Each structure stands twice: as structure tokens, then as C-alpha cells.
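Enquirer: File coords18.cif below, mmCIF, C-alpha atoms:
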```cif
data_my_file
#
loop_
_atom_site.label_atom_id
_atom_site.label_comp_id
_atom_site.auth_asym_id
_atom_site.auth_seq_id
_atom_site.Cartn_x
_atom_site.Cartn_y
_atom_site.Cartn_z
CA MET P 110 -20.39 15.72 -22.15
CA THR P 111 -19.98 19.39 -21.37
CA GLU P 112 -16.58 21.03 -21.34
CA ALA P 113 -16.76 21.33 -17.56
CA GLN P 114 -17.54 17.64 -17.21
CA ALA P 115 -14.68 16.78 -19.53
CA GLY P 116 -12.41 18.88 -17.35
CA ASP P 117 -13.56 17.08 -14.22
CA THR P 118 -12.92 13.74 -15.89
CA ARG P 119 -9.42 14.80 -16.90
CA VAL P 120 -8.65 15.78 -13.33
CA ASP P 121 -9.86 12.38 -12.17
CA TRP P 122 -7.51 10.62 -14.58
CA GLU P 123 -4.72 12.80 -13.32
CA GLY P 124 -5.51 11.95 -9.71
CA ALA P 125 -5.49 8.27 -10.59
CA LEU P 126 -2.14 8.61 -12.31
CA VAL P 127 -0.69 10.46 -9.32
CA GLN P 128 -1.83 7.68 -7.02
CA ARG P 129 -0.21 5.09 -9.24
CA ALA P 130 3.00 7.08 -9.56
CA ARG P 131 3.15 7.36 -5.77
CA ALA P 132 3.03 3.60 -5.61
CA GLY P 133 6.12 3.48 -7.83
CA ASP P 134 4.50 3.14 -11.25
CA THR P 135 6.85 4.94 -13.63
CA ARG P 136 4.48 4.38 -16.55
CA ALA P 137 1.87 6.46 -14.76
CA PHE P 138 4.48 9.09 -14.02
CA GLU P 139 5.47 9.13 -17.68
CA ARG P 140 1.87 9.90 -18.58
CA LEU P 141 1.94 12.82 -16.18
CA TYR P 142 5.19 13.93 -17.76
CA ARG P 143 3.66 13.78 -21.25
CA GLU P 144 0.72 15.83 -20.07
CA HIS P 145 2.72 18.58 -18.39
CA ALA P 146 6.13 18.61 -20.08
CA GLY P 147 5.24 21.29 -22.62
CA LYS P 148 4.14 23.86 -20.07
CA VAL P 149 6.99 23.07 -17.73
CA TYR P 150 9.52 23.34 -20.53
CA GLY P 151 7.88 26.56 -21.76
CA LEU P 152 8.22 28.05 -18.30
CA CYS P 153 11.83 26.91 -17.91
CA LEU P 154 12.76 28.15 -21.37
CA ARG P 155 11.28 31.57 -20.74
CA MET P 156 13.05 31.83 -17.41
CA THR P 157 16.46 30.59 -18.53
CA ARG P 158 16.46 31.77 -22.17
CA ASP P 159 18.58 28.75 -23.02
CA ALA P 160 17.18 25.61 -24.63
CA GLN P 161 19.79 23.26 -23.18
CA LEU P 162 19.42 24.72 -19.69
CA ALA P 163 15.65 24.56 -20.02
CA GLU P 164 15.85 20.87 -20.92
CA ASP P 165 17.98 20.24 -17.83
CA CYS P 166 15.55 22.20 -15.69
CA THR P 167 12.58 20.29 -17.09
CA GLN P 168 14.22 16.96 -16.33
CA ASP P 169 15.19 18.09 -12.83
CA THR P 170 11.66 19.34 -12.25
CA PHE P 171 10.16 15.93 -12.92
CA ILE P 172 12.85 14.10 -10.98
CA ASN P 173 12.28 16.37 -7.98
CA ALA P 174 8.56 15.87 -8.40
CA TRP P 175 9.01 12.09 -8.35
CA ARG P 176 10.97 12.36 -5.13
CA ALA P 177 8.40 14.64 -3.52
CA LEU P 178 5.26 12.99 -4.88
CA ALA P 179 4.33 11.54 -1.51
CA GLY P 180 3.93 15.07 -0.15
CA PHE P 181 1.75 16.31 -2.98
CA GLU P 182 -1.84 17.07 -1.95
CA THR P 183 -4.03 15.50 -4.60
CA ARG P 184 -6.70 18.11 -4.01
CA SER P 185 -4.39 20.86 -5.23
CA SER P 186 -3.33 21.49 -8.79
CA LEU P 187 -0.56 19.25 -10.07
CA SER P 188 0.20 21.84 -12.74
CA THR P 189 0.77 24.59 -10.17
CA TRP P 190 2.84 22.24 -8.03
CA LEU P 191 5.07 21.34 -10.99
CA HIS P 192 5.41 25.00 -11.94
CA ARG P 193 6.59 25.84 -8.42
CA ILE P 194 9.24 23.17 -8.68
CA ALA P 195 10.21 24.36 -12.17
CA VAL P 196 10.61 27.94 -10.94
CA ASN P 197 12.82 26.81 -8.04
CA VAL P 198 14.96 24.66 -10.33
CA SER P 199 15.28 27.41 -12.96
CA LEU P 200 16.20 30.06 -10.40
CA ALA P 201 18.83 27.79 -8.88
CA LYS P 202 20.36 26.94 -12.26
CA ARG P 203 20.36 30.56 -13.31
CA ARG P 204 22.04 31.68 -10.09
CA LYS P 205 24.91 29.35 -10.88
CA SER P 206 25.44 30.86 -14.30
CA SER P 207 24.77 34.55 -13.69
CA PRO P 208 24.80 36.98 -10.75
CA VAL P 209 21.52 37.94 -9.15
CA GLU P 210 20.36 41.37 -10.26
CA PRO P 211 19.24 43.90 -7.64
CA ALA P 212 15.50 43.94 -7.08
CA PRO P 213 13.69 47.23 -7.82
CA GLU P 214 12.00 49.26 -5.12
CA GLU P 215 8.50 48.19 -4.27
CA GLY P 216 6.27 49.82 -6.79
CA GLU P 217 2.81 50.65 -7.92
CA ASP P 218 0.13 48.07 -8.44
CA VAL P 219 0.13 46.65 -11.94
CA ALA P 220 -3.20 45.28 -13.00
CA GLY P 221 -4.84 44.61 -16.31
CA GLU P 222 -4.94 42.14 -19.16
CA TRP P 223 -1.56 42.95 -20.67
CA THR P 224 -3.22 43.77 -23.95
CA LEU P 225 -1.29 45.23 -26.83
CA GLU P 226 -2.22 48.37 -28.65
CA THR P 227 -2.08 46.52 -31.96
CA PRO P 228 -1.67 42.78 -32.68
CA VAL P 229 1.93 41.59 -32.58
CA GLU P 230 3.50 38.45 -34.00
CA VAL P 231 4.23 35.77 -31.42
CA HIS P 232 7.89 35.67 -32.37
CA GLU P 233 8.23 39.41 -31.92
CA ILE P 234 6.61 39.53 -28.50
CA GLU P 235 8.53 36.45 -27.31
CA THR P 236 11.77 38.11 -28.37
CA ALA P 237 10.82 41.27 -26.50
CA ILE P 238 9.99 39.24 -23.38
CA GLY P 239 13.24 37.31 -23.72
CA ALA P 240 15.19 40.57 -23.74
CA LEU P 241 13.76 41.71 -20.40
CA PRO P 242 15.95 41.58 -17.29
CA ASP P 243 15.59 38.32 -15.37
CA GLY P 244 13.48 39.59 -12.48
CA ALA P 245 11.04 41.50 -14.67
CA ARG P 246 10.77 38.60 -17.09
CA ASP P 247 10.13 36.06 -14.32
CA ALA P 248 7.31 38.11 -12.86
CA LEU P 249 5.83 38.82 -16.28
CA VAL P 250 5.92 35.20 -17.42
CA LEU P 251 4.27 33.87 -14.26
CA HIS P 252 1.66 36.61 -14.04
CA ALA P 253 0.80 37.53 -17.62
CA LEU P 254 1.49 34.26 -19.44
CA TYR P 255 0.74 31.60 -16.83
CA GLY P 256 -2.00 33.52 -15.04
CA TYR P 257 -0.71 33.45 -11.48
CA SER P 258 -1.75 36.25 -9.14
CA HIS P 259 0.76 38.77 -7.83
CA GLY P 260 0.87 36.88 -4.54
CA GLU P 261 1.30 33.47 -6.16
CA ALA P 262 4.01 34.70 -8.50
CA ALA P 263 5.82 36.44 -5.63
CA GLN P 264 5.67 33.30 -3.51
CA MET P 265 7.00 31.15 -6.33
CA LEU P 266 9.86 33.57 -6.93
CA GLY P 267 10.62 34.00 -3.24
CA ILE P 268 10.14 37.77 -3.31
CA ALA P 269 7.78 40.22 -1.66
CA GLU P 270 4.51 40.90 -3.42
CA GLY P 271 5.42 44.57 -3.71
CA THR P 272 8.66 43.64 -5.38
CA CYS P 273 6.78 41.44 -7.81
CA LYS P 274 4.47 44.35 -8.68
CA ALA P 275 7.49 46.60 -9.17
CA GLN P 276 9.03 44.03 -11.52
CA LEU P 277 5.81 43.90 -13.49
CA HIS P 278 5.73 47.68 -13.69
CA ARG P 279 9.29 47.60 -14.97
CA ALA P 280 8.45 44.85 -17.47
CA ARG P 281 5.53 46.85 -18.83
CA LYS P 282 7.64 49.95 -19.22
CA LEU P 283 10.38 48.07 -21.06
CA LEU P 284 7.92 46.24 -23.30
CA ARG P 285 6.35 49.54 -24.26
CA GLU P 286 9.77 50.85 -25.26
CA ARG P 287 10.77 47.73 -27.16
CA LEU P 288 7.50 47.17 -28.96
CA GLY P 289 6.91 50.88 -29.53
CA MET P 290 3.32 50.65 -28.41
CA GLU P 291 1.10 50.78 -25.35
CA VAL P 292 0.85 47.64 -23.20
CA ASN P 293 -2.21 47.98 -21.03
CA MET M 165 18.19 32.38 -27.02
CA THR M 166 17.28 29.20 -28.80
CA ARG M 167 13.61 28.89 -29.46
CA HIS M 168 11.57 26.46 -31.46
CA HIS M 169 8.13 27.78 -31.88
CA ASP M 170 5.31 26.11 -33.66
CA PRO M 171 5.01 26.65 -37.41
CA ASP M 172 2.13 29.01 -36.73
CA ALA M 173 4.37 31.20 -34.61
CA ARG M 174 3.69 34.07 -36.96
CA THR M 175 0.21 34.26 -35.54
CA ARG M 176 -0.48 37.65 -34.11
CA VAL M 177 -1.73 38.08 -30.59
CA ARG M 178 -3.49 40.96 -28.90
CA SER M 179 -2.50 40.13 -25.35
CA LEU M 180 0.24 38.29 -23.55
CA GLY M 181 -2.33 35.84 -22.23
CA GLU M 182 -2.78 34.54 -25.78
CA LEU M 183 0.81 33.35 -25.98
CA PRO M 184 1.08 29.57 -25.80
CA GLN M 185 2.10 28.36 -22.34
CA ALA M 186 3.44 25.10 -23.68
CA ILE M 187 6.54 24.84 -25.84
CA GLU M 188 7.55 21.34 -26.81
CA PRO M 189 11.22 20.51 -26.23
CA GLN M 190 13.22 19.61 -29.31
CA ARG M 191 13.90 16.12 -28.02
CA ASP M 192 12.12 13.62 -25.83
CA LEU M 193 13.33 14.27 -22.29
CA TRP M 194 11.61 11.25 -20.77
CA PRO M 195 14.37 8.65 -21.39
CA GLY M 196 16.80 10.80 -19.39
CA ILE M 197 14.28 11.24 -16.60
CA GLU M 198 13.50 7.53 -16.54
CA ALA M 199 17.19 6.64 -16.32
CA ARG M 200 17.62 8.92 -13.33
CA LEU M 201 14.51 7.54 -11.65
CA ASP M 202 16.04 4.09 -12.02
CA GLU M 203 19.21 5.37 -10.35
CA ILE M 204 17.17 6.81 -7.50
CA GLU M 205 15.37 3.53 -6.97
CA ALA M 206 18.63 1.59 -7.14
CA LYS M 207 20.20 3.82 -4.50
CA ALA M 208 17.31 3.35 -2.10
CA PRO M 209 16.90 -0.44 -1.95
CA LEU M 210 16.37 -0.49 1.80
CA ALA M 211 13.48 1.90 1.72
CA THR M 212 11.91 0.04 -1.15
CA ALA M 213 12.42 -3.31 0.52
CA GLY M 214 11.01 -1.94 3.78
CA GLN M 215 7.95 -0.67 2.02
CA THR M 216 7.51 -4.03 0.34
CA ILE M 217 7.86 -5.92 3.59
CA ARG M 218 5.39 -3.66 5.33
CA ARG M 219 2.93 -4.14 2.49
CA ARG M 220 3.30 -7.89 2.58
CA ASN M 221 3.03 -8.10 6.33
CA SER M 222 -0.21 -6.30 6.67
CA ALA M 223 -3.27 -7.23 4.71
CA ARG M 224 -5.12 -4.70 6.80
CA LEU M 225 -2.87 -1.84 5.73
CA ARG M 226 -3.06 -2.94 2.13
CA TRP M 227 -6.77 -2.90 2.36
CA LEU M 228 -6.86 0.55 3.92
CA ALA M 229 -4.55 1.85 1.24
CA ALA M 230 -6.70 0.33 -1.48
CA ALA M 231 -9.87 1.65 0.14
CA ALA M 232 -8.42 5.14 0.45
CA MET M 233 -7.34 5.04 -3.16
CA ILE M 234 -10.75 3.92 -4.30
CA ALA M 235 -12.51 6.49 -2.18
CA SER M 236 -10.34 9.38 -3.29
CA VAL M 237 -10.23 8.54 -6.98
CA ALA M 238 -13.56 7.49 -8.33
CA VAL M 239 -12.15 6.04 -11.51
CA GLY M 240 -8.71 5.16 -10.27
CA VAL M 241 -8.04 1.74 -8.92
CA TRP M 242 -5.37 -0.46 -10.18
CA ILE M 243 -3.54 -3.75 -10.59
CA GLY M 244 -2.05 -5.96 -13.36
CA ARG M 245 -3.09 -6.78 -16.82
CA SER M 246 -4.22 -10.21 -17.95
CA LEU M 247 -7.68 -10.60 -16.46
CA LEU M 248 -10.13 -13.08 -17.76
CA PRO M 249 -13.89 -13.37 -17.90
CA LEU M 250 -15.81 -15.29 -15.34
CA ALA M 251 -19.16 -16.91 -15.84
CA GLY M 252 -21.27 -16.08 -12.84
CA ALA M 253 -22.48 -12.88 -11.36
CA VAL M 254 -21.83 -11.28 -8.03
CA PRO M 255 -23.36 -7.87 -7.41
CA GLY M 256 -20.85 -5.19 -8.31
CA VAL M 257 -18.44 -7.68 -9.85
CA HIS M 258 -18.37 -7.83 -13.63
CA SER M 259 -16.03 -9.70 -15.89
CA PRO M 260 -13.55 -7.87 -18.07
CA ALA M 261 -14.61 -9.82 -21.11
CA SER M 262 -18.17 -8.62 -20.69
CA ALA M 263 -16.87 -5.08 -20.52
CA ALA M 264 -14.87 -5.61 -23.66
CA SER M 265 -17.83 -7.11 -25.44
CA ASP M 266 -20.04 -4.28 -24.22
CA VAL M 267 -17.60 -1.83 -25.71
CA SER M 268 -17.48 -3.82 -28.92
CA ALA M 269 -21.24 -3.91 -29.04
CA ALA M 270 -21.44 -0.21 -28.44
CA THR M 271 -19.04 0.55 -31.23
CA GLY M 272 -19.96 -2.31 -33.53
CA ALA M 273 -16.32 -3.29 -33.92
CA PRO M 274 -13.59 -5.07 -32.01
CA THR M 275 -11.67 -2.74 -29.77
CA ALA M 276 -8.08 -2.64 -28.66
CA LEU M 277 -9.46 -3.71 -25.31
CA ASP M 278 -10.45 -7.08 -26.78
CA ALA M 279 -6.87 -7.68 -27.81
CA ALA M 280 -5.59 -6.65 -24.40
CA TYR M 281 -7.10 -9.69 -22.70
CA VAL M 282 -4.90 -12.70 -22.97
CA ALA M 283 -6.14 -15.99 -21.62
CA ASP M 284 -4.54 -16.85 -18.32
CA PRO M 285 -6.09 -20.00 -16.86
CA ARG M 286 -4.39 -19.57 -13.49
CA TYR M 287 -5.82 -16.10 -13.11
CA GLU M 288 -9.23 -17.23 -14.24
CA ARG M 289 -9.25 -20.03 -11.68
CA GLN M 290 -8.13 -17.72 -8.89
CA ARG M 291 -10.73 -15.12 -9.66
CA ALA M 292 -13.47 -17.71 -10.00
CA GLU M 293 -12.56 -19.17 -6.63
CA LEU M 294 -12.54 -15.76 -4.99
CA LEU M 295 -15.92 -14.90 -6.39
CA ARG M 296 -17.41 -18.24 -5.37
CA SER M 297 -16.29 -17.78 -1.80
CA LEU M 298 -16.97 -14.05 -1.58
CA GLN M 299 -20.40 -14.25 0.02
CA THR M 300 -19.20 -16.81 2.56
CA ARG M 301 -16.14 -14.79 3.42
CA LEU M 302 -18.15 -11.60 3.68
CA ALA M 303 -20.43 -13.30 6.17
CA SER M 304 -17.42 -14.04 8.36
CA LEU M 305 -16.37 -10.40 8.52
CA PRO M 306 -17.60 -7.86 11.05
CA PRO M 307 -20.54 -5.80 9.76
CA ALA M 308 -18.43 -2.65 9.42
CA SER M 309 -15.80 -4.45 7.35
CA ARG M 310 -18.47 -6.08 5.24
CA ALA M 311 -20.00 -2.69 4.56
CA LYS M 312 -16.59 -1.32 3.53
CA VAL M 313 -16.02 -4.16 1.10
CA LEU M 314 -19.44 -3.81 -0.47
CA ALA M 315 -19.04 -0.05 -0.72
CA SER M 316 -15.65 -0.44 -2.38
CA LEU M 317 -16.90 -3.03 -4.83
CA GLU M 318 -19.76 -0.70 -5.65
CA THR M 319 -17.28 2.14 -6.21
CA ILE M 320 -15.27 -0.10 -8.50
CA HIS M 321 -18.43 -1.07 -10.32
CA GLN M 322 -19.29 2.60 -10.83
CA ALA M 323 -15.78 3.29 -12.07
CA LYS M 324 -16.10 0.44 -14.55
CA GLU M 325 -19.38 1.78 -15.82
CA ASP M 326 -17.92 5.26 -16.24
CA LEU M 327 -14.91 3.89 -18.07
CA GLU M 328 -16.95 1.59 -20.28
CA ARG M 329 -19.22 4.48 -21.18
CA ALA M 330 -16.22 6.67 -21.98
CA LEU M 331 -14.66 3.84 -24.01
CA GLY M 332 -17.89 3.47 -25.94
CA LYS M 333 -17.40 7.03 -27.12
CA ASP M 334 -13.65 6.79 -27.55
CA PRO M 335 -12.77 3.10 -28.05
CA GLY M 336 -9.22 3.78 -29.16
CA ASN M 337 -8.27 5.71 -26.03
CA ALA M 338 -5.32 3.79 -24.59
CA LEU M 339 -5.49 5.55 -21.23
CA LEU M 340 -9.14 4.60 -20.77
CA GLN M 341 -8.33 1.03 -21.70
CA GLU M 342 -5.50 0.92 -19.22
CA LEU M 343 -7.60 2.43 -16.45
CA LEU M 344 -10.39 -0.06 -17.11
CA ILE M 345 -7.97 -2.94 -16.88
CA ASN M 346 -6.57 -1.41 -13.71
CA THR M 347 -10.08 -1.26 -12.33
CA TYR M 348 -10.54 -4.97 -12.84
CA GLN M 349 -7.22 -5.51 -11.21
CA ASP M 350 -8.29 -3.43 -8.24
CA GLU M 351 -11.33 -5.58 -7.93
CA MET M 352 -9.01 -8.56 -7.66
CA ARG M 353 -7.00 -6.80 -4.99
CA VAL M 354 -10.12 -6.23 -2.93
CA LEU M 355 -11.21 -9.83 -3.38
CA THR M 356 -7.78 -11.04 -2.32
CA ASP M 357 -7.77 -8.79 0.71
CA VAL M 358 -11.18 -10.10 1.71
CA ARG M 359 -9.83 -13.62 1.54
CA GLU M 360 -6.75 -12.77 3.59
CA ALA M 361 -8.75 -10.87 6.18
CA SER M 362 -11.24 -13.70 6.41
CA ASP M 363 -8.50 -16.32 6.75
CA SER M 364 -6.68 -14.35 9.43
CA GLY M 365 -9.91 -13.81 11.33
CA LYS M 366 -8.92 -10.21 11.94
CA GLY M 367 -11.40 -8.49 9.73
CA ILE M 368 -10.56 -5.51 7.62
#
```
Translate the structure of the given file into C-alpha cells.
Expert:
Amino acid sequence: MTEAQAGDTRVDWEGALVQRARAGDTRAFERLYREHAGKVYGLCLRMTRDAQLAEDCTQDTFINAWRALAGFETRSSLSTWLHRIAVNVSLAKRRKSSPVEPAPEEGEDVAGEWTLETPVEVHEIETAIGALPDGARDALVLHALYGYSHGEAAQMLGIAEGTCKAQLHRARKLLRERLGMEVN
Amino acid sequence: MTRHHDPDARTRVRSLGELPQAIEPQRDLWPGIEARLDEIEAKAPLATAGQTIRRRNSARLRWLAAAAMIASVAVGVWIGRSLLPLAGAVPGVHSPASAASDVSAATGAPTALDAAYVADPRYERQRAELLRSLQTRLASLPPASRAKVLASLETIHQAKEDLERALGKDPGNALLQELLINTYQDEMRVLTDVREASDSGKGI
């Protein structure tokens, strides 16, 4: 079986599990949770910077998903759908605990691979990302770590695409300063 | 910020895209989720009951739902758990025991699937009766309904073959085992719907 075929098969299992979960099968939904919990928690943790809050957000994400499962289009990506919910939940939780920072002016296009001038330890780069302001970090995490386009990230965050690009520009500038190297 | 990276977190990366997307939470969050799902279900008894009543009242809707599920998910298809083998062959309808033995033969060893089948004489009798009467009942259905049933049974048959093949390569895969059992259960659902549609004279 090729890797592509294996991927297709995995998607089929996932579609089957979604169908069963829609019918009220919590065991099927648990399997979906097991499959996606790590990425959802990773996203929530990076957005909230608080393990306890991230756990709450992860649980709320899956509970909201359970409630909304009937509206999920099985042809679209379950992962992306869960990430959208996770972003909404994380933003809402964060708004309760901290004031919303002003968004930067719309800025230049930020493209590229987000490569580092020299290899950096995971812990060091995660710490640098964690120290970024909320808006810049959100845009960076969705775009550079989770691979969403500017438009997708902006839509998830509820901001204009230009604002998302400006946040990425800001994130790159701050990472350069904090890591002491070029981020291209 | 509390973080709990993997032990290999000292690995160096050259781009942000190399950072792991997944971070495992420190504790299992599922029990908390499950408890809240139970609360949600408990608070919505009317909706649940309404759905149940609608399902029970309409064999036709059940069939359409099952057919849509089968059509949209090639290997999906569900139902319960303790299916038994049946001697006798109907095109597109295989016994679970034969599947289990096929898997065993393919791997040369008993599989977890073998252990999953627990003898249930009532189920065996019901399935045998449904299979015996299938051809007769199909003949009583309108041609379009008959074609739908045969197409669905064929889809189920294909799903079984895919799952059995996959299990032959990975006999310990619990998800594959569960999906295969579900497939047999879906077959039973279709057979039951055929009987109900035939008895009601409404077709499917």
C-alpha cells in the first residue's frame, strides 16, 4: 500500500467514525478525540500559554464539536474544522482573562518557509514563540506551524487578511530580535 | 508557561514548520469530555426521544439513512457486536465466522477477531431466517428498491473484503476489527429493513 493509499484509507476510517458519532456513538467520538487531541491541545497551548487553560479549551473544543457534528461536512477536513473550533474557544477564553491588544496596521506581505539561519533547539524556539504578543503569536502558529494560508488563518482569527500579514511581519521581526538570527 | 515537550525536545529544527503540531496533554482529557457529553444527552431527552421515535416509525427513513451512510463511506457501516456464522451463501452476504477464519488463515494464527464472536443462538436464527427469505422478499420489492438493496449489499461486501484484506496485514488492529464487525451489523440492518419494507408493502 502506498503512502497516498494509506492516507485515503485513514480518511475513510475517519469518515466512518464521524458518521457513527453523529448517530450518538460516543465510542466513535472518543476515537476521533484520540486521533486529534494532540494537535488540538498543541494549538490551544500555544494560543493560551497556559496548560490548565489549554486543557479546558481542548475539552470545550470537543464538546462543541459533538454538539455541532450534524453540521460538519464530511467532505471537508475534520482536522481543520476542529482547529477552527479550538481557535474560537481559545480566543474567547483568553479575552476573559486578558484585554485584547490593538491590532497593527495592515502590513507587507510575509511569505516564505520561516526557516532559521542556523538550527535552533525546539525548546528555545517554542519559548521565543511563547513570548510573542498574542496577535502575532496566533498568526504565526496558524500559518507557520499549522500550515494555514494567510486567508485561512485570518478567517479563523476573525481578522482581515492584511492584519494577519502585519501580525506575521511583526512576529518575524520579534523572533529575529529574540533569537538573534535571520528568520526567512 | 507550562510546557511538557517530548523527551527529544532538544532536537534542533531549521524551520518553524518542523516543530511538532501535536503536544500531548499531561492527563487524559477524555473522561471529563465524556462526563459532559452525558450531561448534554441527559438535558436533551425530548430531542433524543423524538429522534428515536422517528427512527422507529419509519423503516423507509432508516433505510435511506443506512443507504446514504453506506454510499458515502465505503468501509463504514455499522451495528452491534455478537454476530454469528451462517451456513449458506447469498451473493454479497458472507458470514462473520468465515471472515474471521479467512483472517486466521491469512495470518496462520487465531486473531482477536475470533475471540470477538460470541455465540448468540437468537441472533444466528434471526440472520438465518432473513437470509433464507431474502430472495423472496427482494422479488416483492419494486425493481428500483431491489436494485438499491443489491447495490448496498455489494457495497457492504466490498467493505468486508477491504477490511479483511487490511486485517490480514494487521490482524491486531482493534479499529479494523470493530469496523468489520460493524459491517456485518450493517448487513443485518439492511436485511431487517428489507423484511420490514416487504412486510409493509411500501417498498424502500
Enquirer: Which of these residues is nearest to chain M, using only C-alpha atoms: P:Leu254, P:Met265, P:Ala137, P:Leu283?
Expert: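 Closest residue, counting only C-alpha atoms: P:Leu254.
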Enquirer: Within 7 Å of chain M, which residues of chain P show up when using all atoms listed in the file, listed as a list in words?
Expert: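 Residues of chain P within 7 Å of chain M, counting all atoms listed in the file: Asp121, Gly124, Ala125, Gly147, Lys148, Tyr150, Gly151, Arg158, Asp159, Ala160, Gln168, Ile172, Glu222, Trp223, Thr224, Leu225, Thr227, Pro228, Val229, Glu230, Val231, His232, Ala253, Leu254 and Tyr255 of chain P.
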Enquirer: For atom CA of Ser309 of chain M and atom CA of Ser362 of chain M, determine how far apart the two atoms are, in Å to one decimal place.
Expert: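 Rounded to one decimal, the two atoms are 10.4 Å apart.
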Enquirer: Please report the interatomic distance between atom CA of Thr189 of chain P and atom CA of Arg279 of chain P in Å with one decimal.
Expert: 25.0 Å
Enquirer: What is the atom CA of Asn197 of chain P-atom CA of Leu266 of chain P distance in Å, reported with one decimal?
Expert: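 Going from atom CA of Asn197 of chain P over to atom CA of Leu266 of chain P, I get 7.5 Å.
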Enquirer: Considering all atoms listed in the file, return as an mmCIF file with C-alpha atoms, in the frame of the given file whatever protein or nucleic-acid residues lie within 7 Å of Ala179 of chain P, sequence-local ones (same chain, fewer than 2 positions apart) excluded.
Expert:
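result.cif, written as the output of this step:
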```cif
data_model
loop_
_atom_site.group_PDB
_atom_site.id
_atom_site.type_symbol
_atom_site.label_atom_id
_atom_site.label_comp_id
_atom_site.auth_asym_id
_atom_site.auth_seq_id
_atom_site.Cartn_x
_atom_site.Cartn_y
_atom_site.Cartn_z
ATOM 1 C CA ARG P 131 3.150 7.360 -5.770
ATOM 2 C CA ALA P 177 8.400 14.640 -3.520
ATOM 3 C CA PHE P 181 1.750 16.310 -2.980
#
```
Enquirer: Can you list, as a PyMOL selection string, the residues that the PyMOL selection byres ((chain P and resi 250) around 10) selects here?
Expert: (chain P and resi 151-152+155-156+238-239+245-249+251-257+262+277+280) or (chain M and resi 180-181+185)
Enquirer: Which residues match the PyMOL selection byres ((chain P and resi 188) around 12) in the file above, as a ChimeraX atom specification?
Expert: /P:120,123-124,127,141-142,144-149,152,170-171,174,181-187,189-195,255,257 /M:185-186
Enquirer: Write out as an mmCIF file with C-alpha atoms, keeping the file's coordinate frame which residues come within 9 Å of Leu298 of chain M when counting only C-alpha atoms, dropping same-chain ones fewer than 5 positions away.
Expert:
```cif
data_model
loop_
_atom_site.group_PDB
_atom_site.id
_atom_site.type_symbol
_atom_site.label_atom_id
_atom_site.label_comp_id
_atom_site.auth_asym_id
_atom_site.auth_seq_id
_atom_site.Cartn_x
_atom_site.Cartn_y
_atom_site.Cartn_z
ATOM 1 C CA VAL M 254 -21.830 -11.280 -8.030
ATOM 2 C CA GLU M 293 -12.560 -19.170 -6.630
ATOM 3 C CA ALA M 303 -20.430 -13.300 6.170
ATOM 4 C CA LEU M 355 -11.210 -9.830 -3.380
ATOM 5 C CA VAL M 358 -11.180 -10.100 1.710
ATOM 6 C CA ARG M 359 -9.830 -13.620 1.540
#
```
Enquirer: Could you list the residues chosen by the PyMOL selection byres ((chain M and resi 317) around 8) in this structure as a PDB file with C-alpha atoms, in the frame of the given file?
Expert:
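Once written, result.pdb looks like this:
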```pdb
ATOM      1  CA  GLY M 256     -20.850  -5.190  -8.310  1.00  0.00           C
ATOM      2  CA  VAL M 257     -18.440  -7.680  -9.850  1.00  0.00           C
ATOM      3  CA  VAL M 313     -16.020  -4.160   1.100  1.00  0.00           C
ATOM      4  CA  LEU M 314     -19.440  -3.810  -0.470  1.00  0.00           C
ATOM      5  CA  ALA M 315     -19.040  -0.050  -0.720  1.00  0.00           C
ATOM      6  CA  SER M 316     -15.650  -0.440  -2.380  1.00  0.00           C
ATOM      7  CA  GLU M 318     -19.760  -0.700  -5.650  1.00  0.00           C
ATOM      8  CA  THR M 319     -17.280   2.140  -6.210  1.00  0.00           C
ATOM      9  CA  ILE M 320     -15.270  -0.100  -8.500  1.00  0.00           C
ATOM     10  CA  HIS M 321     -18.430  -1.070 -10.320  1.00  0.00           C
ATOM     11  CA  GLU M 351     -11.330  -5.580  -7.930  1.00  0.00           C
ATOM     12  CA  VAL M 354     -10.120  -6.230  -2.930  1.00  0.00           C
TER      13      VAL M 354
END
```
